[in-house]
Amino acid sequence: MINNIKGTKDIGFNETYIWQFVESFIHGYLKKHGYSEVRTPTFENTDLFYRSIGENTDIVSKEMYTWKDQGNNMLTLRPELTASIVRYYIQNKLNKTHPIHRFYYIGPLYRRERPQKGRFRQFHQFGVEVFGSKHPEQDAEVIALSYNFYKLLHIKNIVLKINSIGSKDSRLNYISSLKKYLEKYKNELSDLSRKRLNTNPLRILDTKIDFEINIIKKAPKIIDYLSNDDKEYFNKTLEFLDAMNISYEIDPYLVRGLDYYSQTVFEIQCDSLGSQNALCGGGRYDYLVEELGGKETPAIGFAAGIERLLLSLDIKKIVPELSIDIYMITIGELAIKKSFTLLDYLRNTMNLTVINDTLRRTLKSQIKDANKMNAKHVIILGEEELNKNHIIVKNMETGHQDIVNFTDIQNYFK
Ligand code: HAM
C-alpha cells in the first residue's frame, strides 16, 4: 500500500466543487480589476529562488525541494511564485510592451515545512504581481484587492497589518541598530534567534516565543529609521486606504519572511486560524527585477493561501451546493434504449445536467439515489410510459408530478 506524501492532500471528488467555486470566484474577481492570468512551470532553476527569496531565509535554507537532474542542472519545485513571475516578465522583455502589467496566478507551491493545521508541503496560492508603477495608489490598489476579496467572501475576524520597511539604506541602518539592541540579550535568545542574529536579524522580530516577544517589544522600530521620502510614501498609502474605508493596524514589527521586499509590507491575518493565521501576505519589491537581470522596475504583489482561505470560509453559506437538473430513471431494457436519445438531447441541446442509472436498480432505489444527488427533477421512463410516448417528470422539491409527451419535452424544460 502506497500512501500520499506527508504534508500533501488529495482534493477528493466531494471537495473539488468547493475548489472550483473558489477558483472561478478568483478568476472573475481579478479579471474585473484588469489583471491577466499567467501560468509558469512548477519547477525552475534553483538559482532563481536563491537570488530572489534570499539564501538566509527559512524557505531557501531549509524548505526547498531541490534536486540535480540527469543533465546536472540544479532544479527546485517553486516555493512561491513572485520569483517565477519576475523571471517571466524579464525573459519576455515585457517592460517594452506596456508601461504597466498587472498579472495574477493560481497554482501549487512546495515547501518542506512541518505540517500542521493550515500548513502543508504542497499548498496552493493565488496572487497578483504588478510591474511598472512606483506610486502609492498602486500599493493601495493591491492591498484593497486582497482585503476586499476576503470581505466579499464574508470571512470574519480579519485584520490587515501593514508596515513600511523603507528603502535599502533605511533598512541597513535599522538592521545595525536592531542587532546592537539584540546583542544585549544574546544569552536569553533561543538557539534559532541567536543564529539569526548573524544571518537574518529581521526574522527575529517574527518570533512566537513569549520571552522573545517581550524583548522585541522594546526593540527599535523600523518606522523610526525611515527617510522622509519613505515616511511620506507610507503615509500616502495609508491615506488612500482610508479613502477606501479599509481598516488596518500598523504593525511596526511586521517584516515578512522573504528578502526581496522594500517599502510597504502587509499581511491579512485571521484570528480563527490558530498559529498559522496569515491568510495572505505581500508588499513592494522595487529592486527585484533589476537584481534578477531586468531593467529597474517598481513592483508590488501579494499571495494568498487557498487552503487557509477554505479553513476560514463558511462553505455551507457561501458555496452553492452541488445539484443536478435531472435524474433519469429507466425501468426495462427498451426504456434504457430510448433513454440514450433523450439523454443526449437533454444534455447537448437543452444544456442540462443529467445523470442516469446504469445499475438497473429498482424504481425506489433510483429515487433514493436521485435524492442523494440533489436532483431537481427525476424523469421516469418505464415500459408503460414508452408505450404511451410520454415520460413522468417529478419535481423533487415540491413532489409535484407531470406527464409530458415526448414532443413537449423541449417546452417543458425550457
Ligand atoms: P508568503 O507569506 O510566503 O508570501 O505566502 C503567502 C501565503 O501563502 C501565506 O500567507 C499563507 O496563506 C500561504 N502559505 C505559505 N506557506 C504555506 C504552507 N506551508 N501551507 C499552506 N499555506 C501556506 C509569498 O509567497 C510571497 N510570494 C507573496 C508575495 C507576492 N509578495 C509579493 N508578491
# chains A, B, ... in the order shown; residues from 1 in each chain; ligands from 1
>>> closest_atom_pairs(of="stretch 112-212 of chain A", to="stretch 276-297 of chain A", cutoff="7 Å", atoms="only C-alpha atoms", output="CSV")
residue,atom,partner,partner_atom,distance
A:Gly118,CA,A:Gln276,CA,5.9
A:Arg119,CA,A:Gln276,CA,6.9
A:Phe131,CA,A:Thr297,CA,6.6
A:Gly132,CA,A:Thr297,CA,5.7
>>> write_last_selection(atoms="all heavy atoms", output="PDB file, in the first residue's frame")
ATOM      1  N   GLY A 118      -3.380  24.188   8.539  1.00  0.00           N
ATOM      2  CA  GLY A 118      -3.112  25.357   7.688  1.00  0.00           C
ATOM      3  C   GLY A 118      -1.701  25.408   7.131  1.00  0.00           C
ATOM      4  O   GLY A 118      -1.321  26.391   6.510  1.00  0.00           O
ATOM      5  N   ARG A 119      -0.917  24.359   7.370  1.00  0.00           N
ATOM      6  CA  ARG A 119       0.438  24.364   6.814  1.00  0.00           C
ATOM      7  C   ARG A 119       0.722  23.021   6.142  1.00  0.00           C
ATOM      8  O   ARG A 119       0.648  21.978   6.792  1.00  0.00           O
ATOM      9  CB  ARG A 119       1.467  24.637   7.908  1.00  0.00           C
ATOM     10  CG  ARG A 119       2.823  24.938   7.332  1.00  0.00           C
ATOM     11  CD  ARG A 119       3.696  25.685   8.297  1.00  0.00           C
ATOM     12  NE  ARG A 119       4.171  24.793   9.346  1.00  0.00           N
ATOM     13  CZ  ARG A 119       4.856  25.203  10.402  1.00  0.00           C
ATOM     14  NH1 ARG A 119       5.128  26.476  10.569  1.00  0.00           N
ATOM     15  NH2 ARG A 119       5.263  24.341  11.301  1.00  0.00           N
ATOM     16  N   PHE A 131       3.772  45.274 -12.232  1.00  0.00           N
ATOM     17  CA  PHE A 131       5.070  45.833 -12.606  1.00  0.00           C
ATOM     18  C   PHE A 131       4.877  47.194 -13.251  1.00  0.00           C
ATOM     19  O   PHE A 131       4.053  47.337 -14.151  1.00  0.00           O
ATOM     20  CB  PHE A 131       5.779  44.915 -13.610  1.00  0.00           C
ATOM     21  CG  PHE A 131       6.059  43.557 -13.033  1.00  0.00           C
ATOM     22  CD1 PHE A 131       5.187  42.499 -13.251  1.00  0.00           C
ATOM     23  CD2 PHE A 131       7.186  43.336 -12.251  1.00  0.00           C
ATOM     24  CE1 PHE A 131       5.430  41.248 -12.709  1.00  0.00           C
ATOM     25  CE2 PHE A 131       7.433  42.088 -11.702  1.00  0.00           C
ATOM     26  CZ  PHE A 131       6.557  41.047 -11.934  1.00  0.00           C
ATOM     27  N   GLY A 132       5.640  48.180 -12.797  1.00  0.00           N
ATOM     28  CA  GLY A 132       5.685  49.454 -13.514  1.00  0.00           C
ATOM     29  C   GLY A 132       5.336  50.687 -12.717  1.00  0.00           C
ATOM     30  O   GLY A 132       5.853  51.754 -13.020  1.00  0.00           O
TER      31      GLY A 132
END
>>> select_by_dssp(residues="stretch 40-252 of chain A", states="helix (DSSP H, G or I)", output="PDB file with C-alpha atoms, in the first residue's frame")
ATOM      1  CA  THR A  46      17.362  26.726  -8.146  1.00  0.00           C
ATOM      2  CA  ASP A  47      19.347  29.942  -8.589  1.00  0.00           C
ATOM      3  CA  LEU A  48      16.184  31.908  -9.253  1.00  0.00           C
ATOM      4  CA  PHE A  49      14.996  31.326  -5.696  1.00  0.00           C
ATOM      5  CA  TYR A  50      18.429  31.783  -4.128  1.00  0.00           C
ATOM      6  CA  ARG A  51      18.773  35.154  -5.743  1.00  0.00           C
ATOM      7  CA  SER A  52      15.267  36.408  -5.078  1.00  0.00           C
ATOM      8  CA  ILE A  53      13.972  34.981  -1.796  1.00  0.00           C
ATOM      9  CA  ASP A  58      13.835  29.770   6.091  1.00  0.00           C
ATOM     10  CA  ILE A  59      12.423  28.931   2.671  1.00  0.00           C
ATOM     11  CA  VAL A  60      15.765  28.769   0.881  1.00  0.00           C
ATOM     12  CA  SER A  61      17.914  27.471   3.721  1.00  0.00           C
ATOM     13  CA  LYS A  62      15.726  24.555   4.726  1.00  0.00           C
ATOM     14  CA  GLU A  63      12.394  24.215   2.965  1.00  0.00           C
ATOM     15  CA  THR A  82       6.821  36.002  -7.282  1.00  0.00           C
ATOM     16  CA  ALA A  83      10.281  34.953  -8.464  1.00  0.00           C
ATOM     17  CA  SER A  84       8.825  32.974 -11.383  1.00  0.00           C
ATOM     18  CA  ILE A  85       6.596  35.857 -12.473  1.00  0.00           C
ATOM     19  CA  VAL A  86       9.536  38.256 -12.319  1.00  0.00           C
ATOM     20  CA  ARG A  87      11.582  35.808 -14.430  1.00  0.00           C
ATOM     21  CA  TYR A  88       8.719  35.627 -16.927  1.00  0.00           C
ATOM     22  CA  TYR A  89       8.485  39.437 -17.029  1.00  0.00           C
ATOM     23  CA  ILE A  90      12.218  39.869 -17.642  1.00  0.00           C
ATOM     24  CA  GLN A  91      12.624  36.958 -20.053  1.00  0.00           C
ATOM     25  CA  LEU A  94       7.550  42.887 -21.098  1.00  0.00           C
ATOM     26  CA  ASN A  95       8.777  46.283 -19.949  1.00  0.00           C
ATOM     27  CA  LYS A  96       8.976  47.161 -23.642  1.00  0.00           C
ATOM     28  CA  PRO A 136       1.346  54.705  -3.537  1.00  0.00           C
ATOM     29  CA  GLU A 137      -2.023  54.346  -5.267  1.00  0.00           C
ATOM     30  CA  GLN A 138      -0.633  51.092  -6.676  1.00  0.00           C
ATOM     31  CA  ASP A 139       0.107  49.861  -3.155  1.00  0.00           C
ATOM     32  CA  ALA A 140      -3.382  50.869  -2.080  1.00  0.00           C
ATOM     33  CA  GLU A 141      -4.919  49.091  -5.088  1.00  0.00           C
ATOM     34  CA  VAL A 142      -3.125  45.813  -4.345  1.00  0.00           C
ATOM     35  CA  ILE A 143      -3.847  45.933  -0.621  1.00  0.00           C
ATOM     36  CA  ALA A 144      -7.511  46.774  -1.206  1.00  0.00           C
ATOM     37  CA  LEU A 145      -7.725  43.962  -3.738  1.00  0.00           C
ATOM     38  CA  SER A 146      -6.711  41.404  -1.131  1.00  0.00           C
ATOM     39  CA  TYR A 147      -8.755  42.931   1.691  1.00  0.00           C
ATOM     40  CA  ASN A 148     -11.971  43.251  -0.295  1.00  0.00           C
ATOM     41  CA  PHE A 149     -11.595  39.693  -1.557  1.00  0.00           C
ATOM     42  CA  TYR A 150     -11.993  38.350   1.979  1.00  0.00           C
ATOM     43  CA  LYS A 151     -14.770  40.812   2.752  1.00  0.00           C
ATOM     44  CA  LEU A 152     -16.733  39.690  -0.309  1.00  0.00           C
ATOM     45  CA  LYS A 168      17.578  49.689   1.240  1.00  0.00           C
ATOM     46  CA  ASP A 169      19.552  52.375   3.085  1.00  0.00           C
ATOM     47  CA  SER A 170      16.957  52.933   5.802  1.00  0.00           C
ATOM     48  CA  ARG A 171      16.768  49.199   6.324  1.00  0.00           C
ATOM     49  CA  LEU A 172      20.531  48.719   6.614  1.00  0.00           C
ATOM     50  CA  ASN A 173      20.667  51.423   9.306  1.00  0.00           C
ATOM     51  CA  TYR A 174      17.807  49.795  11.116  1.00  0.00           C
ATOM     52  CA  ILE A 175      19.301  46.313  10.966  1.00  0.00           C
ATOM     53  CA  SER A 176      22.512  47.504  12.533  1.00  0.00           C
ATOM     54  CA  SER A 177      20.610  49.189  15.414  1.00  0.00           C
ATOM     55  CA  LEU A 178      18.416  46.147  15.887  1.00  0.00           C
ATOM     56  CA  LYS A 179      21.471  43.918  16.002  1.00  0.00           C
ATOM     57  CA  LYS A 180      23.114  46.154  18.578  1.00  0.00           C
ATOM     58  CA  TYR A 181      19.994  46.034  20.728  1.00  0.00           C
ATOM     59  CA  LEU A 182      19.560  42.260  20.452  1.00  0.00           C
ATOM     60  CA  GLU A 183      23.239  41.587  21.187  1.00  0.00           C
ATOM     61  CA  LYS A 186      22.094  37.338  23.255  1.00  0.00           C
ATOM     62  CA  ASN A 187      22.236  34.898  26.163  1.00  0.00           C
ATOM     63  CA  GLU A 188      18.470  34.984  26.621  1.00  0.00           C
ATOM     64  CA  ASP A 191      19.355  28.991  19.609  1.00  0.00           C
ATOM     65  CA  LEU A 192      17.495  29.809  16.402  1.00  0.00           C
ATOM     66  CA  SER A 193      17.323  33.529  17.116  1.00  0.00           C
ATOM     67  CA  ARG A 194      20.985  33.574  18.158  1.00  0.00           C
ATOM     68  CA  LYS A 195      21.824  32.098  14.784  1.00  0.00           C
ATOM     69  CA  ARG A 196      19.564  34.591  13.015  1.00  0.00           C
ATOM     70  CA  LEU A 197      21.338  37.439  14.773  1.00  0.00           C
ATOM     71  CA  ASN A 198      24.174  36.842  12.332  1.00  0.00           C
ATOM     72  CA  THR A 199      22.313  35.635   9.279  1.00  0.00           C
ATOM     73  CA  PRO A 201      18.224  39.563  12.327  1.00  0.00           C
ATOM     74  CA  LEU A 202      14.930  40.925  10.934  1.00  0.00           C
ATOM     75  CA  ARG A 203      13.423  37.453  11.193  1.00  0.00           C
ATOM     76  CA  ILE A 204      13.806  37.555  14.984  1.00  0.00           C
ATOM     77  CA  LEU A 205      11.004  40.140  15.019  1.00  0.00           C
ATOM     78  CA  ASP A 206       8.699  37.373  13.856  1.00  0.00           C
ATOM     79  CA  ASP A 210       6.869  34.694  24.751  1.00  0.00           C
ATOM     80  CA  PHE A 211      10.112  35.767  26.374  1.00  0.00           C
ATOM     81  CA  GLU A 212      11.486  36.847  22.996  1.00  0.00           C
ATOM     82  CA  ILE A 213       8.315  38.792  22.286  1.00  0.00           C
ATOM     83  CA  ASN A 214       8.997  40.748  25.487  1.00  0.00           C
ATOM     84  CA  ILE A 215      12.492  41.566  24.288  1.00  0.00           C
ATOM     85  CA  ILE A 216      11.179  42.591  20.881  1.00  0.00           C
ATOM     86  CA  LYS A 217       8.583  44.901  22.427  1.00  0.00           C
ATOM     87  CA  ILE A 222      11.905  50.317  11.722  1.00  0.00           C
ATOM     88  CA  ILE A 223       9.459  53.174  11.260  1.00  0.00           C
ATOM     89  CA  ASP A 224      11.813  55.459  13.212  1.00  0.00           C
ATOM     90  CA  TYR A 225      14.567  54.716  10.701  1.00  0.00           C
ATOM     91  CA  ASN A 228      11.356  61.420   4.961  1.00  0.00           C
ATOM     92  CA  ASP A 229      10.553  60.138   1.478  1.00  0.00           C
ATOM     93  CA  ASP A 230       9.825  56.648   2.831  1.00  0.00           C
ATOM     94  CA  LYS A 231       7.560  58.094   5.515  1.00  0.00           C
ATOM     95  CA  GLU A 232       5.694  60.271   3.066  1.00  0.00           C
ATOM     96  CA  TYR A 233       5.195  57.315   0.759  1.00  0.00           C
ATOM     97  CA  PHE A 234       3.844  55.198   3.596  1.00  0.00           C
ATOM     98  CA  ASN A 235       1.513  57.959   4.790  1.00  0.00           C
ATOM     99  CA  LYS A 236       0.126  58.462   1.297  1.00  0.00           C
ATOM    100  CA  THR A 237      -0.547  54.728   1.025  1.00  0.00           C
ATOM    101  CA  LEU A 238      -2.426  54.829   4.329  1.00  0.00           C
ATOM    102  CA  GLU A 239      -4.369  57.898   3.218  1.00  0.00           C
ATOM    103  CA  PHE A 240      -5.537  56.055   0.114  1.00  0.00           C
ATOM    104  CA  LEU A 241      -6.597  53.090   2.237  1.00  0.00           C
ATOM    105  CA  ASP A 242      -8.539  55.471   4.497  1.00  0.00           C
ATOM    106  CA  ALA A 243     -10.260  56.890   1.425  1.00  0.00           C
TER     107      ALA A 243
END
>>> residues_near_ligand(ligand="ligand 1", cutoff="9 Å", atoms="only C-alpha atoms and all ligand atoms", output="VMD selection string")
chain A and resid 7 53 59 79 to 83 109 to 130 256 to 258 260 to 261 265 267 to 269 276 to 285 299 to 309
>>> residues_around(residues="A:Met74", least_positions_apart="5", cutoff="9 Å", atoms="only C-alpha atoms", output="list in words")
Glu44, Asn45, Thr46, Asp47, Thr66, Trp67, Lys68 and Asp69 of chain A
>>> write_last_selection(atoms="all heavy atoms", output="PDB file, in the first residue's frame")
ATOM      1  N   GLU A  44      11.822  25.402 -11.446  1.00  0.00           N
ATOM      2  CA  GLU A  44      12.662  26.452 -12.037  1.00  0.00           C
ATOM      3  C   GLU A  44      14.107  26.136 -11.670  1.00  0.00           C
ATOM      4  O   GLU A  44      14.376  25.290 -10.815  1.00  0.00           O
ATOM      5  CB  GLU A  44      12.313  27.815 -11.417  1.00  0.00           C
ATOM      6  CG  GLU A  44      10.890  28.302 -11.625  1.00  0.00           C
ATOM      7  CD  GLU A  44      10.701  29.143 -12.888  1.00  0.00           C
ATOM      8  OE1 GLU A  44      11.668  29.329 -13.648  1.00  0.00           O
ATOM      9  OE2 GLU A  44       9.572  29.606 -13.110  1.00  0.00           O
ATOM     10  N   ASN A  45      15.046  26.868 -12.263  1.00  0.00           N
ATOM     11  CA  ASN A  45      16.431  26.762 -11.834  1.00  0.00           C
ATOM     12  C   ASN A  45      16.543  27.219 -10.381  1.00  0.00           C
ATOM     13  O   ASN A  45      16.003  28.270 -10.015  1.00  0.00           O
ATOM     14  CB  ASN A  45      17.323  27.644 -12.710  1.00  0.00           C
ATOM     15  CG  ASN A  45      17.559  26.988 -14.051  1.00  0.00           C
ATOM     16  OD1 ASN A  45      18.028  25.846 -14.117  1.00  0.00           O
ATOM     17  ND2 ASN A  45      17.219  27.685 -15.119  1.00  0.00           N
ATOM     18  N   THR A  46      17.242  26.435  -9.580  1.00  0.00           N
ATOM     19  CA  THR A  46      17.362  26.726  -8.146  1.00  0.00           C
ATOM     20  C   THR A  46      17.852  28.152  -7.893  1.00  0.00           C
ATOM     21  O   THR A  46      17.393  28.828  -6.965  1.00  0.00           O
ATOM     22  CB  THR A  46      18.335  25.713  -7.501  1.00  0.00           C
ATOM     23  OG1 THR A  46      17.814  24.415  -7.784  1.00  0.00           O
ATOM     24  CG2 THR A  46      18.458  25.903  -6.013  1.00  0.00           C
ATOM     25  N   ASP A  47      18.771  28.609  -8.734  1.00  0.00           N
ATOM     26  CA  ASP A  47      19.347  29.942  -8.589  1.00  0.00           C
ATOM     27  C   ASP A  47      18.303  31.046  -8.503  1.00  0.00           C
ATOM     28  O   ASP A  47      18.500  32.038  -7.813  1.00  0.00           O
ATOM     29  CB  ASP A  47      20.220  30.229  -9.825  1.00  0.00           C
ATOM     30  CG  ASP A  47      21.667  30.324  -9.413  1.00  0.00           C
ATOM     31  OD1 ASP A  47      21.962  29.979  -8.250  1.00  0.00           O
ATOM     32  OD2 ASP A  47      22.485  30.750 -10.255  1.00  0.00           O
ATOM     33  N   THR A  66      14.795  20.453  -3.765  1.00  0.00           N
ATOM     34  CA  THR A  66      15.792  20.739  -4.777  1.00  0.00           C
ATOM     35  C   THR A  66      16.484  19.443  -5.182  1.00  0.00           C
ATOM     36  O   THR A  66      16.704  18.577  -4.339  1.00  0.00           O
ATOM     37  CB  THR A  66      16.829  21.731  -4.194  1.00  0.00           C
ATOM     38  OG1 THR A  66      16.162  22.963  -3.940  1.00  0.00           O
ATOM     39  CG2 THR A  66      17.991  21.987  -5.129  1.00  0.00           C
ATOM     40  N   TRP A  67      16.764  19.295  -6.448  1.00  0.00           N
ATOM     41  CA  TRP A  67      17.472  18.100  -6.906  1.00  0.00           C
ATOM     42  C   TRP A  67      18.294  18.408  -8.153  1.00  0.00           C
ATOM     43  O   TRP A  67      18.077  19.445  -8.797  1.00  0.00           O
ATOM     44  CB  TRP A  67      16.474  16.971  -7.180  1.00  0.00           C
ATOM     45  CG  TRP A  67      15.657  17.167  -8.427  1.00  0.00           C
ATOM     46  CD1 TRP A  67      15.871  16.582  -9.639  1.00  0.00           C
ATOM     47  CD2 TRP A  67      14.494  18.012  -8.604  1.00  0.00           C
ATOM     48  NE1 TRP A  67      14.919  17.004 -10.549  1.00  0.00           N
ATOM     49  CE2 TRP A  67      14.078  17.886  -9.948  1.00  0.00           C
ATOM     50  CE3 TRP A  67      13.785  18.870  -7.746  1.00  0.00           C
ATOM     51  CZ2 TRP A  67      12.980  18.578 -10.452  1.00  0.00           C
ATOM     52  CZ3 TRP A  67      12.694  19.565  -8.260  1.00  0.00           C
ATOM     53  CH2 TRP A  67      12.301  19.415  -9.591  1.00  0.00           C
ATOM     54  N   LYS A  68      19.239  17.499  -8.386  1.00  0.00           N
ATOM     55  CA  LYS A  68      20.050  17.638  -9.595  1.00  0.00           C
ATOM     56  C   LYS A  68      19.466  16.675 -10.628  1.00  0.00           C
ATOM     57  O   LYS A  68      19.303  15.492 -10.327  1.00  0.00           O
ATOM     58  CB  LYS A  68      21.483  17.239  -9.263  1.00  0.00           C
ATOM     59  CG  LYS A  68      22.495  17.723 -10.280  1.00  0.00           C
ATOM     60  CD  LYS A  68      23.864  17.172  -9.967  1.00  0.00           C
ATOM     61  CE  LYS A  68      24.747  18.201  -9.304  1.00  0.00           C
ATOM     62  NZ  LYS A  68      26.090  17.668  -9.018  1.00  0.00           N
ATOM     63  N   ASP A  69      19.147  17.147 -11.810  1.00  0.00           N
ATOM     64  CA  ASP A  69      18.554  16.233 -12.797  1.00  0.00           C
ATOM     65  C   ASP A  69      19.657  15.506 -13.578  1.00  0.00           C
ATOM     66  O   ASP A  69      20.849  15.729 -13.327  1.00  0.00           O
ATOM     67  CB  ASP A  69      17.554  16.962 -13.707  1.00  0.00           C
ATOM     68  CG  ASP A  69      18.230  17.788 -14.796  1.00  0.00           C
ATOM     69  OD1 ASP A  69      19.470  17.904 -14.779  1.00  0.00           O
ATOM     70  OD2 ASP A  69      17.506  18.330 -15.653  1.00  0.00           O
TER      71      ASP A  69
END
>>> residues_around(residues="stretch 390-393 of chain A", least_positions_apart="5", cutoff="9 Å", atoms="only C-alpha atoms", output="list in words")
His377, Val378, Ile379, Ile380, Leu381, Gly382, Glu384, Glu385, His400, Gln401, Asp402, Ile403, Val404, Asn405, Phe406, Thr407, Asp408 and Ile409 of chain A
>>> write_last_selection(atoms="N, CA and C atoms", output="short mmCIF file (atom, residue, chain, number, x, y, z; two decimals), in the first residue's frame")
data_model
loop_
_atom_site.label_atom_id
_atom_site.label_comp_id
_atom_site.auth_asym_id
_atom_site.auth_seq_id
_atom_site.Cartn_x
_atom_site.Cartn_y
_atom_site.Cartn_z
N HIS A 377 -35.15 17.43 -10.63
CA HIS A 377 -36.25 16.65 -11.21
C HIS A 377 -35.82 15.21 -11.41
N VAL A 378 -36.78 14.29 -11.38
CA VAL A 378 -36.49 12.97 -11.95
C VAL A 378 -37.42 12.76 -13.14
N ILE A 379 -36.89 12.04 -14.11
CA ILE A 379 -37.73 11.60 -15.22
C ILE A 379 -37.91 10.10 -15.04
N ILE A 380 -39.13 9.65 -15.12
CA ILE A 380 -39.36 8.21 -15.02
C ILE A 380 -39.79 7.70 -16.39
N LEU A 381 -39.06 6.70 -16.84
CA LEU A 381 -39.33 6.13 -18.16
C LEU A 381 -39.33 4.61 -18.03
N GLY A 382 -40.56 4.02 -18.03
CA GLY A 382 -40.70 2.57 -17.98
C GLY A 382 -41.42 2.11 -19.23
N GLU A 384 -44.54 1.25 -19.65
CA GLU A 384 -45.85 1.88 -19.84
C GLU A 384 -45.70 3.27 -20.46
N GLU A 385 -44.75 4.03 -19.94
CA GLU A 385 -44.51 5.38 -20.46
C GLU A 385 -44.10 5.30 -21.93
N HIS A 400 -44.45 17.44 -6.88
CA HIS A 400 -45.44 17.53 -7.95
C HIS A 400 -45.00 16.70 -9.18
N GLN A 401 -45.98 15.96 -9.77
CA GLN A 401 -45.66 15.14 -10.95
C GLN A 401 -46.42 15.61 -12.18
N ASP A 402 -45.75 15.58 -13.33
CA ASP A 402 -46.41 15.90 -14.60
C ASP A 402 -46.18 14.76 -15.57
N ILE A 403 -47.16 14.60 -16.45
CA ILE A 403 -46.96 13.68 -17.56
C ILE A 403 -46.61 14.52 -18.78
N VAL A 404 -45.49 14.23 -19.41
CA VAL A 404 -45.04 15.09 -20.52
C VAL A 404 -44.83 14.24 -21.77
N ASN A 405 -45.51 14.61 -22.82
CA ASN A 405 -45.33 13.90 -24.09
C ASN A 405 -43.93 14.08 -24.62
N PHE A 406 -43.42 13.06 -25.33
CA PHE A 406 -42.07 13.16 -25.89
C PHE A 406 -41.90 14.47 -26.67
N THR A 407 -42.96 14.85 -27.40
CA THR A 407 -42.85 16.04 -28.26
C THR A 407 -42.88 17.36 -27.46
N ASP A 408 -43.26 17.28 -26.17
CA ASP A 408 -43.35 18.52 -25.37
C ASP A 408 -42.15 18.73 -24.44
N ILE A 409 -41.20 17.80 -24.50
CA ILE A 409 -40.09 17.85 -23.53
C ILE A 409 -39.32 19.17 -23.63
#
>>> residues_around(residues="A:Lys364", least_positions_apart="5", cutoff="10 Å", atoms="only C-alpha atoms", output="list in words")
Ile329, Asp369 and Ala370 of chain A
>>> closest_residue(among="A:Phe413, A:Phe43, A:Tyr17, A:Tyr29", to="A:Met64", atoms="only C-alpha atoms")
A:Phe43
>>> closest_residue(among="A:Asn200, A:Val22, A:Lys161, A:Asn389", to="A:Ile315", atoms="only C-alpha atoms")
A:Val22
>>> select_by_dssp(residues="stretch 79-328 of chain A", states="strand (DSSP E or B)", output="PyMOL selection string")
chain A and resi 101-110+116+119+122-131+158-164+249-250+262-270+278-284+299-305+324-328
>>> atom_distance(atom1="atom CA of A:Lys93", atom2="atom CA of A:Glu23")
29.0 Å
>>> atom_distance(atom1="atom CA of A:Gly332", atom2="atom CA of A:Arg360")
7.9 Å
